[in-house]
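To be precise, the following lines are model-v8.pdb, and they hold PDB, C-alpha atoms, pLDDT in the B column.
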```pdb
MODEL        1
ATOM      1  CA  MET A   1       0.000   0.000   0.000  1.00 81.00           C
ATOM      2  CA  ILE A   2       2.827   2.400   0.834  1.00 82.00           C
ATOM      3  CA  LEU A   3       4.396   1.851  -2.578  1.00 83.00           C
ATOM      4  CA  LEU A   4       1.082   2.593  -4.290  1.00 90.00           C
ATOM      5  CA  LEU A   5       0.619   5.821  -2.339  1.00 89.00           C
ATOM      6  CA  ARG A   6       4.173   6.898  -3.108  1.00 82.00           C
ATOM      7  CA  LEU A   7       3.638   6.156  -6.795  1.00 84.00           C
ATOM      8  CA  ALA A   8       0.358   8.079  -6.673  1.00 90.00           C
ATOM      9  CA  ALA A   9       2.132  11.103  -5.132  1.00 84.00           C
ATOM     10  CA  ASP A  10       4.789  10.952  -7.851  1.00 82.00           C
ATOM     11  CA  ALA A  11       2.089  10.631 -10.516  1.00 87.00           C
ATOM     12  CA  VAL A  12       0.319  13.710  -9.146  1.00 88.00           C
ATOM     13  CA  ALA A  13       3.623  15.624  -9.238  1.00 84.00           C
ATOM     14  CA  LEU A  14       4.225  14.552 -12.855  1.00 85.00           C
ATOM     15  CA  LEU A  15       0.673  15.487 -13.794  1.00 90.00           C
ATOM     16  CA  HIS A  16       1.231  18.864 -12.187  1.00 87.00           C
ATOM     17  CA  VAL A  17       4.436  19.427 -14.166  1.00 85.00           C
ATOM     18  CA  ALA A  18       2.662  18.398 -17.369  1.00 90.00           C
ATOM     19  CA  PHE A  19      -0.207  20.784 -16.622  1.00 92.00           C
ATOM     20  CA  VAL A  20       2.133  23.708 -15.918  1.00 87.00           C
ATOM     21  CA  LEU A  21       4.012  23.024 -19.171  1.00 89.00           C
ATOM     22  CA  PHE A  22       0.719  22.730 -21.054  1.00 95.00           C
ATOM     23  CA  VAL A  23      -0.481  26.056 -19.627  1.00 93.00           C
ATOM     24  CA  ALA A  24       2.771  27.805 -20.488  1.00 90.00           C
ATOM     25  CA  GLY A  25       3.429  26.383 -23.943  1.00 90.00           C
ATOM     26  CA  GLY A  26       0.346  24.492 -25.019  1.00 94.00           C
ATOM     27  CA  GLY A  27      -0.481  27.233 -27.490  1.00 93.00           C
ATOM     28  CA  LEU A  28       2.308  25.825 -29.629  1.00 92.00           C
ATOM     29  CA  LEU A  29       0.437  22.500 -29.717  1.00 95.00           C
ATOM     30  CA  VAL A  30      -2.632  24.368 -30.929  1.00 94.00           C
ATOM     31  CA  TRP A  31      -0.655  25.300 -34.063  1.00 89.00           C
ATOM     32  CA  ARG A  32      -0.589  21.605 -34.936  1.00 91.00           C
ATOM     33  CA  TRP A  33      -3.961  20.592 -33.482  1.00 94.00           C
ATOM     34  CA  PRO A  34      -6.276  23.659 -33.513  1.00 91.00           C
ATOM     35  CA  ARG A  35      -9.129  21.894 -31.698  1.00 94.00           C
ATOM     36  CA  LEU A  36      -6.847  21.566 -28.682  1.00 96.00           C
ATOM     37  CA  ALA A  37      -7.581  25.257 -28.053  1.00 95.00           C
ATOM     38  CA  TRP A  38     -10.846  24.216 -26.388  1.00 96.00           C
ATOM     39  CA  LEU A  39      -8.793  22.454 -23.733  1.00 97.00           C
ATOM     40  CA  HIS A  40      -5.838  24.826 -23.639  1.00 97.00           C
ATOM     41  CA  LEU A  41      -7.652  28.147 -23.222  1.00 96.00           C
ATOM     42  CA  PRO A  42      -9.467  27.099 -20.021  1.00 97.00           C
ATOM     43  CA  ALA A  43      -6.177  25.694 -18.709  1.00 96.00           C
ATOM     44  CA  VAL A  44      -4.477  29.052 -19.360  1.00 95.00           C
ATOM     45  CA  GLY A  45      -7.319  30.844 -17.602  1.00 95.00           C
ATOM     46  CA  TRP A  46      -7.070  28.528 -14.605  1.00 95.00           C
ATOM     47  CA  GLY A  47      -3.268  28.803 -14.415  1.00 91.00           C
ATOM     48  CA  ALA A  48      -3.334  32.596 -14.617  1.00 91.00           C
ATOM     49  CA  TRP A  49      -6.193  32.834 -12.095  1.00 93.00           C
ATOM     50  CA  ILE A  50      -4.319  30.661  -9.590  1.00 90.00           C
ATOM     51  CA  GLU A  51      -1.343  33.024  -9.834  1.00 85.00           C
ATOM     52  CA  PHE A  52      -3.370  36.252  -9.712  1.00 90.00           C
ATOM     53  CA  ALA A  53      -5.496  35.077  -6.794  1.00 91.00           C
ATOM     54  CA  GLY A  54      -2.502  33.738  -4.867  1.00 84.00           C
ATOM     55  CA  TRP A  55      -4.212  30.392  -4.510  1.00 85.00           C
ATOM     56  CA  ILE A  56      -2.634  26.967  -4.403  1.00 84.00           C
ATOM     57  CA  CYS A  57      -3.607  24.498  -7.100  1.00 85.00           C
ATOM     58  CA  PRO A  58      -5.674  21.597  -5.701  1.00 90.00           C
ATOM     59  CA  LEU A  59      -3.034  19.167  -6.941  1.00 87.00           C
ATOM     60  CA  THR A  60      -0.570  20.538  -4.354  1.00 84.00           C
ATOM     61  CA  PRO A  61      -2.526  19.514  -1.234  1.00 89.00           C
ATOM     62  CA  LEU A  62      -3.378  16.192  -2.898  1.00 92.00           C
ATOM     63  CA  GLU A  63       0.302  15.440  -3.469  1.00 85.00           C
ATOM     64  CA  ASN A  64       1.170  16.562   0.070  1.00 84.00           C
ATOM     65  CA  HIS A  65      -1.572  14.357   1.530  1.00 90.00           C
ATOM     66  CA  LEU A  66      -0.310  11.324  -0.378  1.00 89.00           C
ATOM     67  CA  ARG A  67       3.290  11.996   0.657  1.00 83.00           C
ATOM     68  CA  GLN A  68       2.333  12.429   4.310  1.00 87.00           C
ATOM     69  CA  ALA A  69       0.281   9.218   4.187  1.00 89.00           C
ATOM     70  CA  VAL A  70       3.490   7.274   3.461  1.00 83.00           C
ATOM     71  CA  GLY A  71       5.550   9.119   6.070  1.00 84.00           C
ATOM     72  CA  GLN A  72       7.195  11.603   3.743  1.00 75.00           C
ATOM     73  CA  ILE A  73       7.235  15.290   4.526  1.00 73.00           C
ATOM     74  CA  GLY A  74       4.937  17.447   2.433  1.00 66.00           C
ATOM     75  CA  TYR A  75       5.904  20.943   1.454  1.00 68.00           C
ATOM     76  CA  ALA A  76       4.592  24.393   2.274  1.00 67.00           C
ATOM     77  CA  GLY A  77       3.461  26.819  -0.393  1.00 65.00           C
ATOM     78  CA  GLY A  78       2.545  26.004  -3.932  1.00 64.00           C
ATOM     79  CA  PHE A  79       3.821  23.671  -6.581  1.00 63.00           C
ATOM     80  CA  ILE A  80       5.634  26.399  -8.543  1.00 60.00           C
ATOM     81  CA  ASP A  81       7.292  27.664  -5.376  1.00 62.00           C
ATOM     82  CA  HIS A  82       8.448  24.172  -4.397  1.00 67.00           C
ATOM     83  CA  TYR A  83       9.484  22.581  -7.699  1.00 68.00           C
ATOM     84  CA  LEU A  84       9.924  25.220 -10.395  1.00 60.00           C
ATOM     85  CA  TRP A  85      10.933  28.450  -8.695  1.00 54.00           C
ATOM     86  CA  PRO A  86      14.115  27.011  -7.111  1.00 63.00           C
ATOM     87  CA  LEU A  87      15.254  26.096 -10.607  1.00 55.00           C
ATOM     88  CA  LEU A  88      15.204  29.761 -11.585  1.00 43.00           C
ATOM     89  CA  TYR A  89      15.744  31.730  -8.390  1.00 45.00           C
ATOM     90  CA  PRO A  90      16.867  30.700  -4.899  1.00 44.00           C
ATOM     91  CA  ALA A  91      14.506  33.117  -3.125  1.00 63.00           C
ATOM     92  CA  GLY A  92      10.861  32.316  -2.334  1.00 66.00           C
ATOM     93  CA  LEU A  93       7.922  33.125  -4.549  1.00 70.00           C
ATOM     94  CA  THR A  94       6.349  36.478  -3.706  1.00 80.00           C
ATOM     95  CA  ARG A  95       2.917  37.811  -4.607  1.00 81.00           C
ATOM     96  CA  GLU A  96       4.535  40.226  -7.039  1.00 86.00           C
ATOM     97  CA  TRP A  97       6.251  37.377  -8.857  1.00 81.00           C
ATOM     98  CA  GLN A  98       2.999  35.437  -8.952  1.00 82.00           C
ATOM     99  CA  TRP A  99       1.472  38.397 -10.785  1.00 89.00           C
ATOM    100  CA  VAL A 100       4.436  38.423 -13.154  1.00 88.00           C
ATOM    101  CA  LEU A 101       4.020  34.686 -13.808  1.00 84.00           C
ATOM    102  CA  GLY A 102       0.277  35.049 -14.387  1.00 88.00           C
ATOM    103  CA  ALA A 103       0.784  37.997 -16.735  1.00 93.00           C
ATOM    104  CA  GLY A 104       3.610  36.152 -18.483  1.00 92.00           C
ATOM    105  CA  VAL A 105       1.412  33.129 -19.142  1.00 91.00           C
ATOM    106  CA  LEU A 106      -1.298  35.373 -20.567  1.00 94.00           C
ATOM    107  CA  ALA A 107       1.157  37.411 -22.649  1.00 95.00           C
ATOM    108  CA  LEU A 108       2.978  34.389 -24.077  1.00 93.00           C
ATOM    109  CA  ASN A 109      -0.235  32.652 -25.017  1.00 93.00           C
ATOM    110  CA  GLY A 110      -1.740  35.915 -26.260  1.00 95.00           C
ATOM    111  CA  VAL A 111       1.133  36.259 -28.728  1.00 95.00           C
ATOM    112  CA  ILE A 112       0.847  32.629 -29.820  1.00 93.00           C
ATOM    113  CA  TYR A 113      -2.922  32.833 -30.330  1.00 95.00           C
ATOM    114  CA  GLY A 114      -2.598  36.233 -32.028  1.00 95.00           C
ATOM    115  CA  LEU A 115      -0.146  34.798 -34.543  1.00 95.00           C
ATOM    116  CA  LEU A 116      -2.366  31.772 -34.975  1.00 93.00           C
ATOM    117  CA  LEU A 117      -5.387  33.994 -35.612  1.00 93.00           C
ATOM    118  CA  ILE A 118      -3.457  35.968 -38.231  1.00 95.00           C
ATOM    119  CA  ARG A 119      -2.475  32.671 -39.878  1.00 91.00           C
ATOM    120  CA  TRP A 120      -6.094  31.469 -39.953  1.00 90.00           C
ATOM    121  CA  ILE A 121      -7.315  34.792 -41.386  1.00 93.00           C
ATOM    122  CA  ARG A 122      -4.667  34.717 -44.132  1.00 93.00           C
ATOM    123  CA  ARG A 123      -5.614  31.148 -45.029  1.00 90.00           C
ATOM    124  CA  ALA A 124      -9.295  32.034 -45.163  1.00 90.00           C
ATOM    125  CA  ARG A 125      -8.573  35.006 -47.476  1.00 92.00           C
ATOM    126  CA  SER A 126      -6.209  33.142 -49.773  1.00 86.00           C
ATOM    127  CA  PRO A 127      -7.604  31.999 -53.152  1.00 83.00           C
ATOM    128  CA  ARG A 128      -6.870  28.368 -52.241  1.00 74.00           C
ATOM    129  CA  GLY A 129      -9.007  28.747 -49.096  1.00 56.00           C
TER     130      GLY A 129
ENDMDL
END
```

What would you get if you wrote out this structure as structure tokens?
Amino acid sequence: MILLLRLAADAVALLHVAFVLFVAGGGLLVWRWPRLAWLHLPAVGWGAWIEFAGWICPLTPLENHLRQAVGQIGYAGGFIDHYLWPLLYPAGLTREWQWVLGAGVLALNGVIYGLLLIRWIRRARSPRG
């Protein structure tokens, strides 16, 4: 049972990483699979809202609960603060930086979707349709 809970905690952490990467760069996948936008845009909204509101994603307490159930120590703060932020900066995540991250996610995806929209409009106007 302990092994299963530990694997579940690791799976939640991997899912969390995948979600964060999808939020940040999933717009690039939409270039290849345009219908993915219906999944990506709500994910971007959720990711940005979590940052702007200063909330913790529900996957964080779930992972902590699973880790504590097997005797491991959970972590304080959010997923980005624990796993991703130390990769970039040694200091803790502040509210100001959460706003920067939220705005960055929106700006990056805004540029990607803007370019994608221009591409779709040009295709629609071209004689080949």

query: What do you get, as a VMD selection string, if you spell out every residue that the PyMOL selection byres ((chain A and resi 19-35) around 6) selects here?
result: chain A and resid 16 to 18 36 to 37 43 to 44 105 109

Take the residues that were just selected and, keeping C-alpha atoms, output them as a PDB file, keeping the file's coordinate frame.
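Output below, filename out.pdb:
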```
ATOM      1  CA  HIS A  16       1.231  18.864 -12.187  1.00 87.00           C
ATOM      2  CA  VAL A  17       4.436  19.427 -14.166  1.00 85.00           C
ATOM      3  CA  ALA A  18       2.662  18.398 -17.369  1.00 90.00           C
ATOM      4  CA  LEU A  36      -6.847  21.566 -28.682  1.00 96.00           C
ATOM      5  CA  ALA A  37      -7.581  25.257 -28.053  1.00 95.00           C
ATOM      6  CA  ALA A  43      -6.177  25.694 -18.709  1.00 96.00           C
ATOM      7  CA  VAL A  44      -4.477  29.052 -19.360  1.00 95.00           C
ATOM      8  CA  VAL A 105       1.412  33.129 -19.142  1.00 91.00           C
ATOM      9  CA  ASN A 109      -0.235  32.652 -25.017  1.00 93.00           C
TER      10      ASN A 109
END
```

- request: Using the chain letters and numbering of this document, enumerate as a ChimeraX atom specification the residues selected by the PyMOL selection byres ((chain A and resi 49-53) around 8).
  value: /A:45-48,54-57,98-99,101-102

field: Nearby residues (only C-alpha atoms) at most 6 Å from region 63-70 of chain A, same-chain spacing under 6 positions excluded, as JSON, numbers by chain
entry: {"A": [2, 5, 9, 12]}

Centre and edges of the region 42-49 of chain A box, axis-aligned, 3 Å extra per side, as JSON:
```
{"center_x": -6.4, "center_y": 29.3, "center_z": -16.1, "size_x": 12.2, "size_y": 13.1, "size_z": 13.9}
```

- request: For CA of Gly104 (chain A) and CA of Leu117 (chain A), determine how far apart the two atoms are, in Å to one decimal place.
  value: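 Going from CA of Gly104 (chain A) over to CA of Leu117 (chain A) covers 19.5 Å.
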
task: Between A:Leu106, A:Leu15, A:Ala124, A:Leu115, single out the one closest to Pro42 (chain A), counting only C-alpha atoms.
output: A:Leu106

Shortest interatomic distance to Asp10 (chain A) - which of A:Ala103, A:Leu93, A:Leu59, A:Ile118, counting all atoms listed in the file: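 Distance minimum relative to Asp10 (chain A) lands on A:Leu59.
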
field: Atom-to-atom span, CA of Pro127 (chain A) and CA of Gly114 (chain A), Å
entry: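 Result for CA of Pro127 (chain A) versus CA of Gly114 (chain A): 22.1 Å, one decimal.
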
task: Rounded to one decimal place, report the CA of Gly110 (chain A)-CA of Ser126 (chain A) distance in Å.
output: 24.1 Å

statement: Using all atoms listed in the file, the shortest atom-to-atom distance to Leu14 (chain A) among A:Thr60, A:Leu116, A:Trp38, A:Gly71 belongs to A:Thr60
